[in-house]
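Asks: Got a structure for you, coords.cif, holding mmCIF, C-alpha atoms.
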data_model
loop_
_atom_site.label_atom_id
_atom_site.label_comp_id
_atom_site.auth_asym_id
_atom_site.auth_seq_id
_atom_site.Cartn_x
_atom_site.Cartn_y
_atom_site.Cartn_z
CA MET X 1 -12.55 -6.58 -23.87
CA SER X 2 -14.54 -7.08 -20.68
CA PHE X 3 -14.16 -9.43 -17.75
CA THR X 4 -15.55 -12.93 -17.97
CA SER X 5 -18.54 -13.54 -15.72
CA ALA X 6 -16.43 -15.56 -13.28
CA ALA X 7 -13.73 -12.89 -13.14
CA ARG X 8 -16.31 -10.11 -12.74
CA ARG X 9 -17.97 -12.01 -9.89
CA ASP X 10 -14.69 -12.67 -8.10
CA LEU X 11 -13.44 -9.10 -8.51
CA THR X 12 -16.74 -7.82 -7.11
CA VAL X 13 -16.30 -10.11 -4.10
CA VAL X 14 -12.67 -9.02 -3.64
CA ALA X 15 -13.50 -5.32 -3.97
CA ALA X 16 -16.40 -5.55 -1.52
CA GLY X 17 -14.45 -7.64 0.98
CA ARG X 18 -11.32 -5.50 0.80
CA GLY X 19 -13.34 -2.29 0.98
CA VAL X 20 -15.20 -3.41 4.09
CA SER X 21 -11.97 -4.58 5.70
CA VAL X 22 -10.07 -1.35 4.95
CA ALA X 23 -12.93 0.70 6.40
CA GLY X 24 -12.90 -1.53 9.49
CA ASP X 25 -9.14 -1.11 9.84
CA GLU X 26 -9.48 2.67 9.72
CA VAL X 27 -12.19 2.50 12.38
CA ALA X 28 -9.88 0.44 14.61
CA VAL X 29 -6.91 2.77 14.01
CA ILE X 30 -8.97 5.79 15.08
CA ALA X 31 -10.29 3.90 18.11
CA LEU X 32 -6.84 2.82 19.29
CA ALA X 33 -5.31 6.25 18.67
CA LEU X 34 -8.06 7.94 20.68
CA TRP X 35 -7.70 5.34 23.44
CA ALA X 36 -3.92 5.81 23.57
CA SER X 37 -4.21 9.58 23.65
CA HIS X 38 -6.14 9.30 26.91
CA GLU X 39 -3.53 7.13 28.63
CA GLY X 40 -1.16 8.63 31.19
CA ALA X 41 1.77 8.36 28.75
CA GLY X 42 -0.38 9.21 25.74
CA ALA X 43 2.28 10.31 23.25
CA MET X 44 4.54 7.40 24.12
CA VAL X 45 1.69 4.91 23.77
CA VAL X 46 0.68 6.35 20.39
CA ALA X 47 4.28 6.09 19.17
CA ALA X 48 4.50 2.52 20.46
CA LEU X 49 1.29 1.64 18.60
CA VAL X 50 2.72 3.05 15.38
CA MET X 51 5.86 0.94 15.81
CA ALA X 52 3.85 -2.17 16.70
CA ALA X 53 1.85 -1.75 13.50
CA ALA X 54 4.86 -1.06 11.27
CA LEU X 55 7.56 -3.44 12.51
CA PRO X 56 5.91 -6.69 11.35
CA GLN X 57 5.94 -5.38 7.76
CA LEU X 58 9.67 -4.78 8.01
CA LEU X 59 10.80 -7.84 9.94
CA ALA X 60 8.43 -10.56 8.76
CA ALA X 61 8.16 -9.68 5.05
CA PRO X 62 10.56 -12.40 3.78
CA VAL X 63 8.79 -15.17 5.71
CA ALA X 64 5.36 -13.79 4.79
CA GLY X 65 6.24 -13.76 1.09
CA LEU X 66 7.49 -17.33 1.21
CA ILE X 67 4.26 -18.44 2.91
CA VAL X 68 2.24 -16.71 0.18
CA ASP X 69 4.21 -18.53 -2.53
CA ARG X 70 3.86 -21.92 -0.82
CA LEU X 71 0.14 -22.08 0.10
CA PRO X 72 -3.09 -21.75 -1.91
CA ALA X 73 -4.22 -18.13 -1.74
CA ARG X 74 -7.90 -18.55 -0.88
CA ARG X 75 -7.32 -20.82 2.09
CA LEU X 76 -4.41 -18.71 3.33
CA ILE X 77 -6.34 -15.43 3.15
CA ALA X 78 -9.42 -16.93 4.80
CA THR X 79 -7.39 -18.43 7.64
CA VAL X 80 -5.40 -15.26 8.29
CA SER X 81 -8.53 -13.08 8.16
CA LEU X 82 -10.37 -15.23 10.69
CA LEU X 83 -7.32 -15.21 13.00
CA GLN X 84 -7.21 -11.42 12.71
CA ALA X 85 -10.89 -11.29 13.68
CA LEU X 86 -10.05 -13.22 16.85
CA VAL X 87 -7.15 -10.87 17.61
CA CYS X 88 -9.50 -7.87 17.30
CA LEU X 89 -11.89 -9.48 19.76
CA ALA X 90 -9.00 -10.14 22.13
CA LEU X 91 -8.12 -6.44 21.97
CA VAL X 92 -11.48 -5.53 23.54
CA PRO X 93 -10.70 -6.76 27.11
CA ALA X 94 -7.06 -5.64 26.81
CA VAL X 95 -8.15 -2.09 25.96
CA ALA X 96 -10.85 -2.12 28.64
CA ALA X 97 -8.24 -3.09 31.23
CA ALA X 98 -5.79 -0.46 29.87
CA HIS X 99 -3.15 -3.21 29.67
CA VAL X 100 -0.73 -1.49 27.32
CA PRO X 101 1.75 -4.41 26.84
CA ALA X 102 -1.12 -6.75 25.90
CA VAL X 103 -2.55 -4.18 23.48
CA LEU X 104 0.84 -3.73 21.82
CA ALA X 105 1.38 -7.49 21.51
CA LEU X 106 -2.05 -7.93 19.92
CA VAL X 107 -1.43 -5.05 17.50
CA VAL X 108 1.80 -6.79 16.46
CA ALA X 109 -0.14 -10.03 15.91
CA LEU X 110 -2.81 -8.20 13.92
CA ASN X 111 -0.23 -6.67 11.61
CA LEU X 112 1.68 -9.92 11.22
CA GLY X 113 -1.52 -11.20 9.63
CA GLN X 114 -1.67 -8.12 7.43
CA THR X 115 1.93 -8.72 6.36
CA VAL X 116 0.83 -12.08 4.98
CA ALA X 117 -2.59 -11.08 3.66
CA ASN X 118 -1.55 -8.06 1.60
CA PRO X 119 0.90 -9.84 -0.75
CA ALA X 120 -1.49 -12.79 -0.94
CA TRP X 121 -4.23 -10.53 -2.28
CA GLN X 122 -1.83 -8.76 -4.63
CA ALA X 123 -0.62 -12.04 -6.08
CA LEU X 124 -4.17 -13.40 -6.41
CA VAL X 125 -5.67 -10.49 -8.37
CA PRO X 126 -3.66 -11.20 -11.58
CA VAL X 127 -4.99 -14.77 -11.51
CA ILE X 128 -8.56 -13.48 -11.39
CA ALA X 129 -8.23 -10.68 -13.94
CA GLY X 130 -5.82 -12.19 -16.43
CA PRO X 131 -3.14 -10.18 -18.25
CA GLU X 132 -5.58 -8.37 -20.55
CA GLN X 133 -7.65 -6.84 -17.72
CA LEU X 134 -5.01 -6.48 -15.02
CA SER X 135 -4.84 -2.67 -14.91
CA ARG X 136 -8.61 -2.35 -14.94
CA ALA X 137 -8.88 -4.76 -12.01
CA LEU X 138 -6.16 -2.93 -10.06
CA ALA X 139 -7.91 0.39 -10.73
CA VAL X 140 -11.25 -0.92 -9.47
CA LEU X 141 -9.69 -2.32 -6.31
CA GLN X 142 -7.68 0.81 -5.57
CA GLY X 143 -10.70 3.04 -6.09
CA THR X 144 -12.73 0.89 -3.72
CA THR X 145 -10.10 0.80 -0.99
CA ALA X 146 -9.43 4.56 -1.34
CA ALA X 147 -13.13 5.26 -0.83
CA ALA X 148 -13.18 2.95 2.18
CA ALA X 149 -10.08 4.61 3.63
CA LEU X 150 -11.80 7.99 3.26
CA LEU X 151 -15.00 6.79 4.94
CA GLY X 152 -13.36 4.76 7.72
CA PRO X 153 -11.91 7.57 9.88
CA ALA X 154 -15.20 9.49 9.86
CA VAL X 155 -17.14 6.38 10.87
CA GLY X 156 -14.50 5.52 13.46
CA GLY X 157 -14.64 8.92 15.09
CA LEU X 158 -18.43 8.87 15.25
CA LEU X 159 -18.51 5.28 16.51
CA VAL X 160 -15.97 5.85 19.27
CA GLY X 161 -17.74 9.03 20.32
CA ALA X 162 -21.12 7.29 20.48
CA THR X 163 -20.30 3.81 21.79
CA GLY X 164 -16.64 3.69 22.85
CA THR X 165 -13.51 1.90 21.71
CA SER X 166 -14.79 -1.65 22.25
CA ALA X 167 -17.56 -1.34 19.67
CA ALA X 168 -15.10 -0.06 17.07
CA LEU X 169 -12.82 -3.06 17.62
CA VAL X 170 -15.77 -5.43 17.33
CA VAL X 171 -16.66 -3.76 14.02
CA ASP X 172 -13.13 -4.39 12.77
CA ALA X 173 -13.38 -8.03 13.87
CA VAL X 174 -16.59 -8.39 11.87
CA THR X 175 -14.95 -6.90 8.77
CA PHE X 176 -12.10 -9.42 9.01
CA ALA X 177 -14.66 -12.23 9.25
CA VAL X 178 -16.40 -10.81 6.16
CA LEU X 179 -13.08 -10.75 4.33
CA GLY X 180 -12.40 -14.38 5.27
CA VAL X 181 -15.80 -15.46 3.95
CA ALA X 182 -15.22 -13.42 0.78
CA ALA X 183 -11.97 -15.31 0.14
CA LEU X 184 -13.77 -18.66 0.47
CA LEU X 185 -16.44 -17.52 -2.02
CA LEU X 186 -13.90 -16.93 -4.79
CA ARG X 187 -13.84 -19.30 -7.74
CA HIS X 188 -10.28 -18.46 -8.75
CA ASP X 189 -7.28 -19.46 -6.69
CA ARG X 190 -3.54 -19.00 -6.88
CA ARG X 191 -1.97 -22.38 -6.34
CA PRO X 192 1.75 -22.60 -5.59
CA GLU X 193 4.14 -24.09 -8.07
CA ALA X 194 6.44 -26.82 -6.79
CA PRO X 195 9.72 -25.14 -5.85
CA ALA X 196 12.74 -25.93 -7.97
CA PRO X 197 15.72 -27.41 -6.07
CA GLY X 198 17.53 -24.07 -5.97
CA MET X 199 14.42 -22.24 -4.75
CA ARG X 200 13.47 -24.24 -1.67
CA GLY X 201 13.56 -22.04 1.40
CA GLU X 202 14.65 -19.01 -0.63
CA LEU X 203 13.52 -16.20 1.66
CA THR X 204 15.32 -13.48 -0.26
CA ALA X 205 13.98 -14.38 -3.70
CA GLY X 206 11.75 -11.31 -3.94
CA VAL X 207 14.55 -8.92 -3.07
CA ARG X 208 16.93 -10.60 -5.51
CA VAL X 209 14.43 -10.50 -8.35
CA ILE X 210 13.84 -6.77 -7.84
CA ALA X 211 17.55 -6.05 -7.48
CA GLY X 212 18.33 -7.95 -10.66
CA ASP X 213 15.75 -6.20 -12.85
CA PRO X 214 16.55 -2.54 -13.67
CA VAL X 215 12.90 -1.76 -14.44
CA LEU X 216 11.56 -3.21 -11.18
CA ARG X 217 14.42 -1.58 -9.33
CA GLY X 218 13.54 1.78 -10.88
CA VAL X 219 9.84 1.44 -10.02
CA LEU X 220 10.69 0.49 -6.44
CA LEU X 221 12.96 3.52 -6.04
CA LEU X 222 10.30 5.84 -7.45
CA VAL X 223 7.65 4.39 -5.14
CA THR X 224 10.01 4.69 -2.17
CA ALA X 225 10.83 8.28 -3.06
CA PHE X 226 7.14 9.11 -3.31
CA VAL X 227 6.38 7.49 0.06
CA LEU X 228 9.21 9.48 1.63
CA THR X 229 8.00 12.74 0.12
CA ALA X 230 4.33 12.02 0.85
CA GLY X 231 5.08 11.18 4.48
CA ALA X 232 7.01 14.41 4.99
CA VAL X 233 4.34 16.41 3.14
CA ASN X 234 1.55 14.86 5.25
CA VAL X 235 3.28 16.19 8.35
CA ALA X 236 3.85 19.61 6.78
CA GLU X 237 0.51 20.02 5.02
CA ILE X 238 -1.49 20.52 8.19
CA PHE X 239 0.72 23.48 9.10
CA LEU X 240 0.50 24.89 5.57
CA ILE X 241 -3.31 24.75 5.59
CA THR X 242 -4.03 25.81 9.17
CA ARG X 243 -1.18 28.23 9.91
CA THR X 244 0.35 29.58 6.70
CA LEU X 245 -2.98 29.85 4.86
CA GLY X 246 -5.04 30.44 8.01
CA ALA X 247 -7.77 27.84 7.37
CA GLY X 248 -9.58 25.79 10.02
CA PRO X 249 -9.88 22.04 10.72
CA ALA X 250 -12.88 21.72 8.40
CA ALA X 251 -10.87 23.11 5.49
CA TYR X 252 -8.01 20.76 6.27
CA GLY X 253 -10.45 17.85 6.22
CA ALA X 254 -11.83 19.04 2.87
CA VAL X 255 -8.32 19.15 1.39
CA GLY X 256 -7.76 15.59 2.60
CA ALA X 257 -11.04 14.52 0.99
CA LEU X 258 -9.93 16.06 -2.32
CA PHE X 259 -6.67 14.13 -2.11
CA ALA X 260 -8.65 10.91 -1.68
CA ALA X 261 -10.88 11.87 -4.61
CA GLY X 262 -7.75 12.43 -6.68
CA LEU X 263 -6.49 9.00 -5.65
CA MET X 264 -9.67 7.40 -7.00
CA LEU X 265 -9.54 9.50 -10.18
CA GLY X 266 -5.91 8.50 -10.75
CA ALA X 267 -6.83 4.84 -10.43
CA TRP X 268 -9.64 5.30 -12.96
CA LEU X 269 -7.32 7.07 -15.40
CA SER X 270 -4.93 4.11 -15.22
CA ARG X 271 -7.57 1.47 -15.90
CA ARG X 272 -6.51 0.81 -19.53
CA ASP X 273 -4.13 -2.10 -19.87
CA ARG X 274 -0.73 -1.11 -21.22
CA THR X 275 2.42 -2.92 -22.18
CA VAL X 276 5.36 -2.73 -19.79
CA THR X 277 7.02 -0.29 -22.17
CA ALA X 278 4.02 2.05 -22.25
CA ALA X 279 3.35 1.78 -18.51
CA ALA X 280 6.99 2.50 -17.61
CA ARG X 281 7.13 5.58 -19.84
CA LEU X 282 3.83 6.86 -18.51
CA LEU X 283 5.18 6.35 -15.00
CA VAL X 284 8.00 8.77 -15.82
CA GLY X 285 5.46 11.38 -16.93
CA VAL X 286 3.37 10.80 -13.79
CA THR X 287 6.45 11.36 -11.62
CA VAL X 288 7.16 14.69 -13.34
CA SER X 289 3.51 15.69 -12.81
CA LEU X 290 3.76 14.64 -9.18
CA SER X 291 6.81 16.83 -8.68
CA LEU X 292 5.11 19.85 -10.27
CA SER X 293 2.01 19.26 -8.14
CA LEU X 294 4.08 19.21 -4.96
CA VAL X 295 5.83 22.42 -5.95
CA ALA X 296 2.43 24.02 -6.65
CA LEU X 297 1.20 22.85 -3.24
CA GLY X 298 4.23 24.29 -1.49
CA LEU X 299 3.91 27.65 -3.24
CA ALA X 300 0.10 27.85 -3.11
CA PRO X 301 -0.97 31.45 -2.38
CA THR X 302 -4.56 30.50 -1.46
CA LEU X 303 -6.48 27.61 0.03
CA VAL X 304 -8.18 26.89 -3.32
CA VAL X 305 -4.82 26.48 -5.09
CA ALA X 306 -3.55 24.27 -2.27
CA ALA X 307 -6.67 22.10 -2.46
CA LEU X 308 -6.38 21.66 -6.23
CA ALA X 309 -2.66 20.89 -5.93
CA SER X 310 -3.38 18.31 -3.22
CA MET X 311 -5.96 16.69 -5.49
CA ALA X 312 -3.40 16.62 -8.32
CA VAL X 313 -0.93 14.88 -5.99
CA GLY X 314 -3.66 12.32 -5.25
CA VAL X 315 -4.25 11.72 -8.98
CA CYS X 316 -0.54 11.09 -9.50
CA ASN X 317 -0.47 8.80 -6.47
CA GLY X 318 -3.37 6.75 -7.81
CA MET X 319 -1.76 6.41 -11.22
CA LEU X 320 1.62 5.52 -9.73
CA ASN X 321 0.06 2.75 -7.64
CA VAL X 322 -1.78 1.09 -10.52
CA LEU X 323 1.04 1.47 -13.05
CA GLY X 324 3.68 0.27 -10.58
CA GLN X 325 1.70 -2.81 -9.55
CA SER X 326 0.96 -3.74 -13.15
CA ILE X 327 4.65 -3.50 -14.05
CA PHE X 328 5.59 -5.67 -11.08
CA VAL X 329 3.05 -8.33 -12.05
CA ARG X 330 4.15 -8.40 -15.70
CA ARG X 331 7.91 -8.39 -15.01
CA ALA X 332 8.27 -10.59 -11.92
CA PRO X 333 8.36 -14.40 -12.09
CA LYS X 334 4.95 -15.77 -11.13
CA ALA X 335 6.45 -18.38 -8.82
CA VAL X 336 7.92 -15.70 -6.53
CA LEU X 337 5.28 -12.98 -6.91
CA GLY X 338 4.28 -13.26 -3.26
CA ARG X 339 7.85 -12.65 -2.14
CA VAL X 340 8.25 -9.78 -4.59
CA PHE X 341 5.15 -8.04 -3.22
CA ALA X 342 6.22 -8.79 0.36
CA ALA X 343 9.60 -7.15 -0.34
CA LEU X 344 7.82 -4.13 -1.85
CA GLN X 345 5.56 -3.95 1.21
CA GLY X 346 8.56 -4.05 3.56
CA VAL X 347 10.38 -1.26 1.74
CA VAL X 348 7.27 0.92 1.62
CA GLY X 349 6.63 0.33 5.33
CA ALA X 350 10.20 1.35 6.19
CA ALA X 351 9.89 4.45 4.02
CA MET X 352 6.63 5.47 5.71
CA LEU X 353 8.22 5.24 9.15
CA ALA X 354 11.28 7.17 8.04
CA ALA X 355 9.17 9.81 6.31
CA THR X 356 7.01 10.48 9.35
CA ALA X 357 10.05 10.92 11.57
CA LEU X 358 11.92 12.91 8.92
CA GLY X 359 9.00 15.27 8.37
CA GLY X 360 8.87 16.17 12.04
CA VAL X 361 12.63 16.75 12.20
CA LEU X 362 12.77 18.84 9.01
CA LEU X 363 9.88 21.03 10.12
CA GLY X 364 12.07 22.05 13.01
CA VAL X 365 14.69 23.52 10.69
CA LEU X 366 12.84 24.34 7.45
CA ASP X 367 9.93 26.56 6.52
CA VAL X 368 6.84 24.50 5.68
CA ARG X 369 6.78 25.77 2.07
CA THR X 370 10.45 24.95 1.60
CA LEU X 371 9.87 21.41 2.88
CA ILE X 372 7.00 20.71 0.48
CA VAL X 373 8.79 22.22 -2.54
CA GLY X 374 11.91 20.25 -1.58
CA ALA X 375 9.84 17.06 -1.62
CA GLY X 376 8.88 17.81 -5.22
CA VAL X 377 12.51 18.39 -6.15
CA LEU X 378 13.45 15.06 -4.53
CA ALA X 379 10.98 13.21 -6.77
CA VAL X 380 12.63 14.65 -9.89
CA ALA X 381 16.12 13.91 -8.53
CA VAL X 382 15.25 10.25 -8.07
CA LEU X 383 13.72 10.16 -11.55
CA LEU X 384 17.00 11.44 -13.03
CA VAL X 385 18.75 8.48 -11.42
CA VAL X 386 16.31 5.72 -12.42
CA GLY X 387 14.53 7.21 -15.43
CA ARG X 388 16.64 5.69 -18.20
CA PRO X 389 15.71 2.02 -17.54
CA LEU X 390 12.04 3.04 -17.44
CA LEU X 391 12.22 5.05 -20.66
CA THR X 392 14.04 2.21 -22.44
CA ALA X 393 12.04 -0.68 -20.94
CA ARG X 394 11.28 -3.29 -23.57
CA GLU X 395 8.68 -5.99 -23.84
CA PRO X 396 9.93 -9.48 -22.99
CA ARG X 397 10.52 -11.68 -26.01
CA SER X 398 8.93 -15.11 -25.95
CA ASP X 399 12.16 -16.55 -24.58
CA ASP X 400 12.36 -13.73 -21.99
CA ALA X 401 8.91 -14.30 -20.51
CA PRO X 402 8.67 -14.21 -16.71
CA PRO X 403 10.22 -17.50 -15.66
CA THR X 404 8.84 -20.18 -13.42
CA GLY X 405 10.21 -23.36 -11.92
CA ASP X 406 13.76 -24.14 -12.94
CA ARG X 407 14.13 -20.85 -14.84
CA VAL X 408 13.41 -18.91 -11.64
CA ALA X 409 16.18 -20.75 -9.85
CA ALA X 410 18.52 -20.03 -12.74
CA VAL X 411 17.64 -16.34 -12.71
CA LEU X 412 18.13 -16.01 -8.98
CA ALA X 413 21.41 -17.87 -9.13
CA THR X 414 22.78 -15.32 -11.58
CA GLU X 415 24.24 -12.25 -9.96
CA GLY X 416 22.65 -9.15 -11.47
CA GLY X 417 20.50 -11.24 -13.82
CA ASP X 418 17.42 -9.65 -15.37
CA ALA X 419 14.24 -11.19 -13.99
CA ALA X 420 12.36 -10.63 -17.18
#
Take the structure in the file and give it back as structure tokens.

Replies:
Amino acid sequence: MSFTSAARRDLTVVAAGRGVSVAGDEVAVIALALWASHEGAGAMVVAALVMAAALPQLLAAPVAGLIVDRLPARRLIATVSLLQALVCLALVPAVAAAHVPAVLALVVALNLGQTVANPAWQALVPVIAGPEQLSRALAVLQGTTAAAALLGPAVGGLLVGATGTSAALVVDAVTFAVLGVAALLLRHDRRPEAPAPGMRGELTAGVRVIAGDPVLRGVLLLVTAFVLTAGAVNVAEIFLITRTLGAGPAAYGAVGALFAAGLMLGAWLSRRDRTVTAAARLLVGVTVSLSLSLVALGLAPTLVVAALASMAVGVCNGMLNVLGQSIFVRRAPKAVLGRVFAALQGVVGAAMLAATALGGVLLGVLDVRTLIVGAGVLAVAVLLVVGRPLLTAREPRSDDAPPTGDRVAAVLATEGGDAA
């Protein structure tokens, strides 16, 4: 079964818009990092920028999810994207004046917009694709954004070197404007359902839905474990490649490119739509493969083995992303999908921060190979804890379908209730 013409058109618009925007974001990240590294307190400014980018995802996720579930998606995404374009333009004079507090405040504002936009896009895609083509749509979008994320840093470095930081920020502003226009061009829209009496103002609905569903809870824990391991491995991998294996910066860049290629391949391999039962069981297998790939990376005797292992980790990452998102969409109540994705975004953001800090600390006490192999062992340990609900996940009966309206309120009012 293929996409309808309207769905194909809208997914093309979404993929193009999101790809351009992700590339622009990577350009801006490189520009700001290079700018901060030249400040008098370079390391402190870089750390502050990382915190300014991450904190909105942690602190504003509940409110962002509620906004996504209360407003039409197209208008919300377009408005937020255009506001982000203005913030990027405001960053130009702040950076030129080296006004660090203003830059940090604007980075916070930029990422507040991202905290709203990301779950809005995630909740809109199932409306465009429909249940039969959901995985295929997610695979296409992940492949596009992975390619853009791979291209963005290279373009950013060249752009900053040739024209300076200001031009890179203007490019990012243009990409946000493109994304806003792309949202307005869509024919599909996700329109909010009227909240049931027990749901009005329910900021914690997403968290409660995930906590009450053993399958969603298991997927979230696996994703969190992978983010923790990946963050620590990202810190350690550069030392493995350049010091332990004696390769240069070019080789390290090539290994990173292979990881990104694996990410795209993993998304493509996950394009076939599966039932929740099949997707959850495949997710268990992917986690085992991920663990073995990390162990192979940690024990790699040569650069070639390390590169292939890194690519295998990327394949598993791509598959995990698509399978996990499809399970969330099929299990979570549609009326609170924005809040569910916002909660997922907040947890992942917290895990990324913790992983980066943890990787640096552990490298001070552990050998780089031990750290990477230990990350693979951690993935299996988490799987042993949460694997049973995934292996025994069942398809919802007709009377167990994801609830909306009054049924959502009833589910959320039940302690430990299953959301599906």

Asks: Name the closest residue to Ala96 (chain X) among the candidates X:Val315, X:Thr144, X:Gly164, X:Ala109; distances are taken between atoms, counting all atoms listed in the file.

Replies: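 Closest to Ala96 (chain X), using all atoms listed in the file: X:Gly164.
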
Asks: Given the file shown, enumerate the residues that the PyMOL selection byres ((chain X and resi 72) around 6) captures and present them as a list in words.

Replies: Leu71, Ala73, Arg74, Arg75, Arg190 and Arg191 of chain X

Asks: Using all atoms listed in the file, collect all residues at a distance of at most 12 Å from (-8.2, 28.2, 8.4) as written in the file, then present them as a PyMOL selection string.

Replies: chain X and resi 238-255+302-304

Asks: Given the file shown, determine the residues that the PyMOL selection byres ((chain X and resi 125-138) around 8) selects; report them as a PyMOL selection string.

Replies: chain X and resi 1-3+7+10-11+121-124+139-142+188-190+267-268+270-274+322-323+325-326+329-330

Asks: So which residues get picked by the PyMOL selection byres ((chain X and resi 79) around 12) here, written as number ranges by chain?

Replies: X: 71-78, 80-86, 113-114, 116-117, 120, 176-184

Asks: Choose the residue, out of X:Ala306, X:Ala205, X:Val22, X:Val380, that has the smallest atom-to-atom separation from Val286 (chain X); count only C-alpha atoms.

Replies: X:Val380

Asks: Mind giving me the straight-line distance from CA of Ala379 (chain X) to CA of Val29 (chain X) in Å, one decimal?

Replies: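 We find that CA of Ala379 (chain X) and CA of Val29 (chain X) lie 29.3 Å from each other.
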
Asks: What does the distance from CA of Ala97 (chain X) to CA of Ala36 (chain X) come to in Å, to one decimal?

Replies: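 So the two atoms, CA of Ala97 (chain X) and CA of Ala36 (chain X), lie 12.5 Å apart.
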
Asks: Report the distance between CA of Val174 (chain X) and CA of Arg18 (chain X) in Å, rounded to one decimal place.

Replies: 12.6 Å

Asks: Which of these residues is nearest to Ala31 (chain X), using only C-alpha atoms: X:Pro101, X:Gly256, X:Gly161, X:Pro93?

Replies: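 For Ala31 (chain X), the nearest of the candidates is X:Gly161.
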
Asks: Which is closest to Leu391 (chain X) among X:Gly17, X:Gly360, X:Gly376, X:Pro214, if we use all atoms listed in the file?

Replies: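 Once distances to Leu391 (chain X) are computed over all atoms listed in the file, the minimum belongs to X:Pro214.
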
Asks: When you look at Val368 (chain X) with a cut-off of 10 Å (counting only C-alpha atoms), what residues show up, excluding the ones that are within fewer than 3 positions of it in the same chain? I need them as JSON, numbers by chain.

Replies: {"X": [233, 235, 236, 237, 238, 239, 240, 243, 244, 298, 299, 359, 362, 363, 364, 365, 371, 372, 373, 374]}

Asks: Show which residues sit within 9 Å of Val100 (chain X), as a VMD selection string. Count all atoms listed in the file, and ignore same-chain residues fewer than 4 positions away.

Replies: chain X and resid 36 45 94 to 95 104 to 105

Asks: Measuring atom to atom with all atoms listed in the file, identify which of X:Val377, X:Val386, X:Ala232, X:Met264 is nearest to Gly314 (chain X).

Replies: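 So, comparing all the options, the nearest one is X:Met264.
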
Asks: If we count only C-alpha atoms, what is near region 346-353 of chain X at a cut-off of 10 Å, once residues fewer than 2 positions away on the same chain are taken out, given as an mmCIF file with C-alpha atoms, in the frame of the given file?

Replies:
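Produced file part_18.cif, reproduced below:
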data_model
loop_
_atom_site.group_PDB
_atom_site.id
_atom_site.type_symbol
_atom_site.label_atom_id
_atom_site.label_comp_id
_atom_site.auth_asym_id
_atom_site.auth_seq_id
_atom_site.Cartn_x
_atom_site.Cartn_y
_atom_site.Cartn_z
ATOM 1 C CA VAL X 50 2.720 3.050 15.380
ATOM 2 C CA MET X 51 5.860 0.940 15.810
ATOM 3 C CA ALA X 53 1.850 -1.750 13.500
ATOM 4 C CA ALA X 54 4.860 -1.060 11.270
ATOM 5 C CA LEU X 55 7.560 -3.440 12.510
ATOM 6 C CA PRO X 56 5.910 -6.690 11.350
ATOM 7 C CA GLN X 57 5.940 -5.380 7.760
ATOM 8 C CA LEU X 58 9.670 -4.780 8.010
ATOM 9 C CA LEU X 59 10.800 -7.840 9.940
ATOM 10 C CA ALA X 60 8.430 -10.560 8.760
ATOM 11 C CA ALA X 61 8.160 -9.680 5.050
ATOM 12 C CA PRO X 62 10.560 -12.400 3.780
ATOM 13 C CA THR X 115 1.930 -8.720 6.360
ATOM 14 C CA VAL X 207 14.550 -8.920 -3.070
ATOM 15 C CA LEU X 220 10.690 0.490 -6.440
ATOM 16 C CA LEU X 221 12.960 3.520 -6.040
ATOM 17 C CA VAL X 223 7.650 4.390 -5.140
ATOM 18 C CA THR X 224 10.010 4.690 -2.170
ATOM 19 C CA ALA X 225 10.830 8.280 -3.060
ATOM 20 C CA PHE X 226 7.140 9.110 -3.310
ATOM 21 C CA VAL X 227 6.380 7.490 0.060
ATOM 22 C CA LEU X 228 9.210 9.480 1.630
ATOM 23 C CA THR X 229 8.000 12.740 0.120
ATOM 24 C CA ALA X 230 4.330 12.020 0.850
ATOM 25 C CA GLY X 231 5.080 11.180 4.480
ATOM 26 C CA ALA X 232 7.010 14.410 4.990
ATOM 27 C CA VAL X 340 8.250 -9.780 -4.590
ATOM 28 C CA PHE X 341 5.150 -8.040 -3.220
ATOM 29 C CA ALA X 342 6.220 -8.790 0.360
ATOM 30 C CA ALA X 343 9.600 -7.150 -0.340
ATOM 31 C CA LEU X 344 7.820 -4.130 -1.850
ATOM 32 C CA ALA X 355 9.170 9.810 6.310
ATOM 33 C CA THR X 356 7.010 10.480 9.350
ATOM 34 C CA ALA X 357 10.050 10.920 11.570
ATOM 35 C CA LEU X 358 11.920 12.910 8.920
#

Asks: Measuring atom to atom with only C-alpha atoms, identify which of X:Ala47, X:Asp367, X:Ala332, X:Ala354 is nearest to Asp213 (chain X).

Replies: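 Of all the options, X:Ala332 lies closest to Asp213 (chain X).
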